[in-house]
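Below: query.cif (mmCIF, C-alpha atoms; chains and numbers go by the auth columns)
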```
data_upload
#
loop_
_atom_site.group_PDB
_atom_site.id
_atom_site.type_symbol
_atom_site.label_atom_id
_atom_site.label_comp_id
_atom_site.label_asym_id
_atom_site.label_seq_id
_atom_site.Cartn_x
_atom_site.Cartn_y
_atom_site.Cartn_z
_atom_site.B_iso_or_equiv
_atom_site.auth_seq_id
_atom_site.auth_asym_id
ATOM 1 C CA MET A 1 1.552 8.638 15.117 0.00 653 G
ATOM 2 C CA SER A 2 -1.969 8.687 16.512 0.00 654 G
ATOM 3 C CA LEU A 3 -3.682 5.419 17.426 0.00 655 G
ATOM 4 C CA ARG A 4 -6.922 6.837 16.029 0.00 656 G
ATOM 5 C CA ASN A 5 -5.888 6.171 12.426 0.00 657 G
ATOM 6 C CA LYS A 6 -3.281 3.409 12.383 0.00 658 G
ATOM 7 C CA VAL A 7 -2.885 0.511 9.955 0.00 659 G
ATOM 8 C CA THR A 8 -0.382 -2.354 10.033 0.00 660 G
ATOM 9 C CA LEU A 9 -0.177 -4.678 7.022 0.00 661 G
ATOM 10 C CA ILE A 10 2.083 -7.559 5.980 0.00 662 G
ATOM 11 C CA GLY A 11 1.972 -8.743 2.400 0.00 663 G
ATOM 12 C CA HIS A 12 3.656 -8.954 -0.994 0.00 664 G
ATOM 13 C CA THR A 13 4.007 -6.097 -3.458 0.00 665 G
ATOM 14 C CA GLY A 14 2.045 -6.526 -6.660 0.00 666 G
ATOM 15 C CA LYS A 15 4.173 -4.407 -8.989 0.00 667 G
ATOM 16 C CA GLU A 16 7.375 -2.409 -9.164 0.00 668 G
ATOM 17 C CA VAL A 17 7.468 0.769 -7.069 0.00 669 G
ATOM 18 C CA GLU A 18 6.467 3.851 -9.085 0.00 670 G
ATOM 19 C CA ILE A 19 8.352 7.062 -8.264 0.00 671 G
ATOM 20 C CA THR A 20 7.191 10.650 -8.711 0.00 672 G
ATOM 21 C CA ASN A 21 9.826 13.360 -8.248 0.00 673 G
ATOM 22 C CA PHE A 22 8.606 16.807 -7.207 0.00 674 G
ATOM 23 C CA GLU A 23 9.887 20.082 -8.693 0.00 675 G
ATOM 24 C CA LYS A 24 10.990 21.423 -5.308 0.00 676 G
ATOM 25 C CA GLY A 25 12.733 18.179 -4.356 0.00 677 G
ATOM 26 C CA GLY A 26 11.426 15.135 -2.581 0.00 678 G
ATOM 27 C CA MET A 27 9.676 12.110 -3.978 0.00 679 G
ATOM 28 C CA LYS A 28 6.545 10.024 -3.729 0.00 680 G
ATOM 29 C CA ALA A 29 6.570 6.228 -4.021 0.00 681 G
ATOM 30 C CA SER A 30 3.450 4.252 -4.980 0.00 682 G
ATOM 31 C CA VAL A 31 2.989 0.473 -4.962 0.00 683 G
ATOM 32 C CA THR A 32 0.238 -2.084 -4.387 0.00 684 G
ATOM 33 C CA LEU A 33 0.308 -4.629 -1.572 0.00 685 G
ATOM 34 C CA ALA A 34 -1.581 -7.934 -1.448 0.00 686 G
ATOM 35 C CA THR A 35 -2.674 -9.360 1.899 0.00 687 G
ATOM 36 C CA ASN A 36 -4.273 -12.783 2.299 0.00 688 G
ATOM 37 C CA ASP A 37 -6.914 -13.944 4.729 0.00 689 G
ATOM 38 C CA TYR A 38 -8.206 -17.486 5.171 0.00 690 G
ATOM 39 C CA TYR A 39 -11.571 -18.700 6.407 0.00 691 G
ATOM 40 C CA THR A 40 -13.790 -21.756 6.227 0.00 692 G
ATOM 41 C CA ASN A 41 -17.034 -21.309 4.286 0.00 693 G
ATOM 42 C CA GLY A 42 -20.408 -22.845 5.097 0.00 694 G
ATOM 43 C CA MET A 43 -19.529 -26.064 3.227 0.00 695 G
ATOM 44 C CA GLY A 44 -16.369 -26.602 5.311 0.00 696 G
ATOM 45 C CA GLU A 45 -13.989 -25.567 2.511 0.00 697 G
ATOM 46 C CA LYS A 46 -10.946 -23.456 3.276 0.00 698 G
ATOM 47 C CA VAL A 47 -11.110 -20.220 1.271 0.00 699 G
ATOM 48 C CA GLU A 48 -8.293 -17.765 0.602 0.00 700 G
ATOM 49 C CA GLU A 49 -9.283 -14.126 0.155 0.00 701 G
ATOM 50 C CA THR A 50 -6.814 -11.575 -1.215 0.00 702 G
ATOM 51 C CA GLN A 51 -7.186 -7.848 -0.560 0.00 703 G
ATOM 52 C CA TRP A 52 -5.217 -5.246 -2.552 0.00 704 G
ATOM 53 C CA HIS A 53 -4.052 -2.037 -0.891 0.00 705 G
ATOM 54 C CA ASN A 54 -2.652 1.114 -2.524 0.00 706 G
ATOM 55 C CA LEU A 55 0.442 2.297 -0.649 0.00 707 G
ATOM 56 C CA VAL A 56 2.009 5.769 -0.900 0.00 708 G
ATOM 57 C CA ALA A 57 5.130 7.021 0.852 0.00 709 G
ATOM 58 C CA PHE A 58 7.060 10.271 0.882 0.00 710 G
ATOM 59 C CA GLY A 59 10.583 11.389 1.742 0.00 711 G
ATOM 60 C CA LYS A 60 12.979 8.873 3.294 0.00 712 G
ATOM 61 C CA THR A 61 10.338 6.122 3.359 0.00 713 G
ATOM 62 C CA ALA A 62 9.797 6.594 -0.389 0.00 714 G
ATOM 63 C CA GLU A 63 13.555 6.318 -0.958 0.00 715 G
ATOM 64 C CA ILE A 64 13.687 3.028 0.979 0.00 716 G
ATOM 65 C CA LEU A 65 10.800 1.580 -1.039 0.00 717 G
ATOM 66 C CA HIS A 66 12.427 2.701 -4.289 0.00 718 G
ATOM 67 C CA LYS A 67 15.850 1.297 -3.412 0.00 719 G
ATOM 68 C CA TYR A 68 14.986 -2.007 -1.741 0.00 720 G
ATOM 69 C CA VAL A 69 11.482 -3.138 -2.781 0.00 721 G
ATOM 70 C CA SER A 70 10.687 -4.924 -6.021 0.00 722 G
ATOM 71 C CA LYS A 71 7.621 -6.767 -7.310 0.00 723 G
ATOM 72 C CA GLY A 72 6.766 -9.747 -5.097 0.00 724 G
ATOM 73 C CA LYS A 73 8.811 -8.546 -2.101 0.00 725 G
ATOM 74 C CA GLU A 74 7.284 -9.320 1.291 0.00 726 G
ATOM 75 C CA ILE A 75 7.088 -6.217 3.456 0.00 727 G
ATOM 76 C CA ALA A 76 5.430 -4.997 6.638 0.00 728 G
ATOM 77 C CA VAL A 77 4.119 -1.428 6.672 0.00 729 G
ATOM 78 C CA GLU A 78 2.649 0.847 9.272 0.00 730 G
ATOM 79 C CA GLY A 79 0.786 4.004 8.398 0.00 731 G
ATOM 80 C CA LYS A 80 -2.647 5.564 8.169 0.00 732 G
ATOM 81 C CA ILE A 81 -5.648 5.361 5.860 0.00 733 G
ATOM 82 C CA THR A 82 -6.177 8.375 3.622 0.00 734 G
ATOM 83 C CA TYR A 83 -8.969 9.163 1.168 0.00 735 G
ATOM 84 C CA ARG A 84 -8.960 11.413 -1.879 0.00 736 G
ATOM 85 C CA SER A 85 -11.143 12.008 -4.898 0.00 737 G
ATOM 86 C CA TYR A 86 -11.009 13.620 -8.314 0.00 738 G
ATOM 87 C CA GLU A 87 -13.239 14.159 -11.359 0.00 739 G
ATOM 88 C CA LYS A 88 -12.744 11.988 -14.460 0.00 740 G
ATOM 89 C CA GLU A 89 -15.029 12.289 -17.470 0.00 741 G
ATOM 90 C CA GLY A 90 -17.664 13.961 -15.297 0.00 742 G
ATOM 91 C CA LYS A 91 -17.647 11.229 -12.657 0.00 743 G
ATOM 92 C CA LYS A 92 -16.187 11.442 -9.187 0.00 744 G
ATOM 93 C CA VAL A 93 -13.463 8.843 -8.544 0.00 745 G
ATOM 94 C CA TYR A 94 -12.634 7.913 -4.942 0.00 746 G
ATOM 95 C CA ILE A 95 -9.285 6.451 -3.894 0.00 747 G
ATOM 96 C CA THR A 96 -8.337 4.855 -0.587 0.00 748 G
ATOM 97 C CA GLU A 97 -4.608 4.713 0.164 0.00 749 G
ATOM 98 C CA ILE A 98 -2.334 3.711 3.013 0.00 750 G
ATOM 99 C CA ARG A 99 0.174 6.481 3.713 0.00 751 G
ATOM 100 C CA VAL A 100 3.230 4.529 4.829 0.00 752 G
ATOM 101 C CA GLU A 101 5.174 5.933 7.771 0.00 753 G
ATOM 102 C CA GLU A 102 7.359 2.855 8.443 0.00 754 G
ATOM 103 C CA VAL A 103 8.417 -0.114 6.353 0.00 755 G
ATOM 104 C CA VAL A 104 10.147 -3.370 7.332 0.00 756 G
ATOM 105 C CA LEU A 105 11.670 -5.588 4.658 0.00 757 G
ATOM 106 C CA LEU A 106 10.772 -9.273 5.121 0.00 758 G
ATOM 107 C CA GLY A 107 11.346 -12.485 3.195 0.00 759 G
ATOM 108 C CA SER A 108 14.176 -13.200 0.798 0.00 760 G
ATOM 109 C CA LYS A 109 12.928 -11.849 -2.543 0.00 761 G
#
```
Please rewrite the model in this file as structure tokens.
Amino acid sequence: MSLRNKVTLIGHTGKEVEITNFEKGGMKASVTLATNDYYTNGMGEKVEETQWHNLVAFGKTAEILHKYVSKGKEIAVEGKITYRSYEKEGKKVYITEIRVEEVVLLGSK
């Protein structure tokens, strides 16, 4: 994988993995991942900030997500950022996703 578009995230899944099976075989897995960051604001208070990421995986990686990952599971993923768009009710909708190439199961959930 190229270092020009590489993302590594560790977090907890926010829902059950959704599977799409294709007519010609193969599958796509979709799930959300929450990552947390902490910082101190101007008043000296510790603040937690949660970011949500849309993950998609295909093939063997999708099978692993489907078989072993449930809501709340801590995982580490490596992949690349992808962008897509579509029209809905006359408005253009943009989606940012992480295309997962590798997944590591963490935690005990």
Starting from the displayed file, determine the output of the PyMOL selection byres ((chain G and resi 685-695) around 6) and express the residue list as a PyMOL selection string.
chain G and resi 663-666+684+696-705
Just give me the gap between CA of Gly711 (chain G) and CA of Tyr738 (chain G) in Å, one decimal is fine.
23.9 Å
Write out as a PDB file with C-alpha atoms, in the frame of the given file the residues lying within 8 Å of Val683 (chain G), counting only C-alpha atoms and excluding same-chain residues fewer than 3 positions away.
```pdb
ATOM      1  CA  THR G 665       4.007  -6.097  -3.458  1.00  0.00           C
ATOM      2  CA  GLY G 666       2.045  -6.526  -6.660  1.00  0.00           C
ATOM      3  CA  LYS G 667       4.173  -4.407  -8.989  1.00  0.00           C
ATOM      4  CA  GLU G 668       7.375  -2.409  -9.164  1.00  0.00           C
ATOM      5  CA  VAL G 669       7.468   0.769  -7.069  1.00  0.00           C
ATOM      6  CA  GLU G 670       6.467   3.851  -9.085  1.00  0.00           C
ATOM      7  CA  ASN G 706      -2.652   1.114  -2.524  1.00  0.00           C
ATOM      8  CA  LEU G 707       0.442   2.297  -0.649  1.00  0.00           C
ATOM      9  CA  VAL G 708       2.009   5.769  -0.900  1.00  0.00           C
TER      10      VAL G 708
END
```
Env of Ala728 (chain G): 6 Å cut, atoms = all atoms listed in the file, seq-sep filter 6 positions within chain, self excluded. Answer as a list in words.
Leu661, Ile662, Val755 and Val756 of chain G
Have a look at CA of Asn657 (chain G) and CA of Lys732 (chain G) and let me know their distance in Å, one decimal.
5.4 Å
Atom-to-atom span, CA of Lys744 (chain G) and CA of Lys676 (chain G), Å
29.2 Å
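In this comparison, which uses only C-alpha atoms, the residue of G:Gly731, G:Gly724, G:Gly678, G:Gly759 approaching Lys658 (chain G) most closely is G:Gly731.
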Nearest residue to Glu753 (chain G) out of G:Val729, G:His718, G:Lys680, G:Leu655, using only C-alpha atoms?
G:Val729
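The nearest approach to Leu757 (chain G) among the residues G:Phe710, G:Val721, G:Ser682, G:Glu675, with only C-alpha atoms taken into account, belongs to G:Val721.
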Please reconstruct the missing atoms of region 658-677 of chain G (target: N, CA, C and O atoms) and return them as a PDB file, keeping the file's coordinate frame.
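New file rebuild.pdb:
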```pdb
ATOM      1  N   LYS G 658      -4.511   4.177  12.490  1.00  0.00           N
ATOM      2  CA  LYS G 658      -3.281   3.409  12.383  1.00  0.00           C
ATOM      3  C   LYS G 658      -3.568   2.083  11.694  1.00  0.00           C
ATOM      4  O   LYS G 658      -4.527   1.393  12.042  1.00  0.00           O
ATOM      5  N   VAL G 659      -2.730   1.742  10.719  1.00  0.00           N
ATOM      6  CA  VAL G 659      -2.885   0.511   9.955  1.00  0.00           C
ATOM      7  C   VAL G 659      -1.548  -0.205   9.930  1.00  0.00           C
ATOM      8  O   VAL G 659      -0.512   0.421   9.692  1.00  0.00           O
ATOM      9  N   THR G 660      -1.565  -1.521  10.170  1.00  0.00           N
ATOM     10  CA  THR G 660      -0.382  -2.354  10.033  1.00  0.00           C
ATOM     11  C   THR G 660      -0.732  -3.486   9.076  1.00  0.00           C
ATOM     12  O   THR G 660      -1.730  -4.180   9.281  1.00  0.00           O
ATOM     13  N   LEU G 661       0.071  -3.644   8.031  1.00  0.00           N
ATOM     14  CA  LEU G 661      -0.177  -4.678   7.022  1.00  0.00           C
ATOM     15  C   LEU G 661       1.110  -5.445   6.733  1.00  0.00           C
ATOM     16  O   LEU G 661       2.200  -4.859   6.735  1.00  0.00           O
ATOM     17  N   ILE G 662       0.973  -6.735   6.455  1.00  0.00           N
ATOM     18  CA  ILE G 662       2.083  -7.559   5.980  1.00  0.00           C
ATOM     19  C   ILE G 662       1.595  -8.244   4.722  1.00  0.00           C
ATOM     20  O   ILE G 662       0.525  -8.860   4.710  1.00  0.00           O
ATOM     21  N   GLY G 663       2.364  -8.125   3.655  1.00  0.00           N
ATOM     22  CA  GLY G 663       1.972  -8.743   2.400  1.00  0.00           C
ATOM     23  C   GLY G 663       3.072  -8.662   1.369  1.00  0.00           C
ATOM     24  O   GLY G 663       4.219  -8.314   1.680  1.00  0.00           O
ATOM     25  N   HIS G 664       2.714  -8.975   0.126  1.00  0.00           N
ATOM     26  CA  HIS G 664       3.656  -8.954  -0.994  1.00  0.00           C
ATOM     27  C   HIS G 664       3.272  -7.853  -1.975  1.00  0.00           C
ATOM     28  O   HIS G 664       2.084  -7.679  -2.276  1.00  0.00           O
ATOM     29  N   THR G 665       4.268  -7.159  -2.485  1.00  0.00           N
ATOM     30  CA  THR G 665       4.007  -6.097  -3.458  1.00  0.00           C
ATOM     31  C   THR G 665       3.549  -6.713  -4.770  1.00  0.00           C
ATOM     32  O   THR G 665       4.005  -7.774  -5.171  1.00  0.00           O
ATOM     33  N   GLY G 666       2.639  -5.998  -5.441  1.00  0.00           N
ATOM     34  CA  GLY G 666       2.045  -6.526  -6.660  1.00  0.00           C
ATOM     35  C   GLY G 666       2.647  -5.980  -7.937  1.00  0.00           C
ATOM     36  O   GLY G 666       2.303  -6.429  -9.022  1.00  0.00           O
ATOM     37  N   LYS G 667       3.540  -5.005  -7.809  1.00  0.00           N
ATOM     38  CA  LYS G 667       4.173  -4.407  -8.989  1.00  0.00           C
ATOM     39  C   LYS G 667       5.450  -3.709  -8.539  1.00  0.00           C
ATOM     40  O   LYS G 667       5.748  -3.644  -7.354  1.00  0.00           O
ATOM     41  N   GLU G 668       6.189  -3.193  -9.497  1.00  0.00           N
ATOM     42  CA  GLU G 668       7.375  -2.409  -9.164  1.00  0.00           C
ATOM     43  C   GLU G 668       6.941  -1.075  -8.564  1.00  0.00           C
ATOM     44  O   GLU G 668       5.872  -0.551  -8.895  1.00  0.00           O
ATOM     45  N   VAL G 669       7.758  -0.514  -7.702  1.00  0.00           N
ATOM     46  CA  VAL G 669       7.468   0.769  -7.069  1.00  0.00           C
ATOM     47  C   VAL G 669       7.531   1.865  -8.130  1.00  0.00           C
ATOM     48  O   VAL G 669       8.484   1.933  -8.919  1.00  0.00           O
ATOM     49  N   GLU G 670       6.502   2.713  -8.169  1.00  0.00           N
ATOM     50  CA  GLU G 670       6.467   3.851  -9.085  1.00  0.00           C
ATOM     51  C   GLU G 670       6.897   5.102  -8.320  1.00  0.00           C
ATOM     52  O   GLU G 670       6.406   5.362  -7.226  1.00  0.00           O
ATOM     53  N   ILE G 671       7.800   5.875  -8.917  1.00  0.00           N
ATOM     54  CA  ILE G 671       8.352   7.062  -8.264  1.00  0.00           C
ATOM     55  C   ILE G 671       7.886   8.322  -8.986  1.00  0.00           C
ATOM     56  O   ILE G 671       7.890   8.383 -10.211  1.00  0.00           O
ATOM     57  N   THR G 672       7.497   9.318  -8.201  1.00  0.00           N
ATOM     58  CA  THR G 672       7.191  10.650  -8.711  1.00  0.00           C
ATOM     59  C   THR G 672       8.134  11.621  -8.020  1.00  0.00           C
ATOM     60  O   THR G 672       8.177  11.671  -6.784  1.00  0.00           O
ATOM     61  N   ASN G 673       8.929  12.349  -8.803  1.00  0.00           N
ATOM     62  CA  ASN G 673       9.826  13.360  -8.248  1.00  0.00           C
ATOM     63  C   ASN G 673       9.147  14.714  -8.341  1.00  0.00           C
ATOM     64  O   ASN G 673       8.579  15.065  -9.371  1.00  0.00           O
ATOM     65  N   PHE G 674       9.232  15.492  -7.257  1.00  0.00           N
ATOM     66  CA  PHE G 674       8.606  16.807  -7.207  1.00  0.00           C
ATOM     67  C   PHE G 674       9.591  17.890  -7.625  1.00  0.00           C
ATOM     68  O   PHE G 674      10.798  17.737  -7.455  1.00  0.00           O
ATOM     69  N   GLU G 675       9.060  18.978  -8.205  1.00  0.00           N
ATOM     70  CA  GLU G 675       9.887  20.082  -8.693  1.00  0.00           C
ATOM     71  C   GLU G 675      10.773  20.678  -7.603  1.00  0.00           C
ATOM     72  O   GLU G 675      11.908  21.032  -7.847  1.00  0.00           O
ATOM     73  N   LYS G 676      10.248  20.800  -6.402  1.00  0.00           N
ATOM     74  CA  LYS G 676      10.990  21.423  -5.308  1.00  0.00           C
ATOM     75  C   LYS G 676      11.771  20.399  -4.492  1.00  0.00           C
ATOM     76  O   LYS G 676      12.146  20.653  -3.355  1.00  0.00           O
ATOM     77  N   GLY G 677      12.035  19.245  -5.068  1.00  0.00           N
ATOM     78  CA  GLY G 677      12.733  18.179  -4.356  1.00  0.00           C
ATOM     79  C   GLY G 677      11.760  17.227  -3.698  1.00  0.00           C
ATOM     80  O   GLY G 677      10.568  17.478  -3.626  1.00  0.00           O
TER      81      GLY G 677
END
```
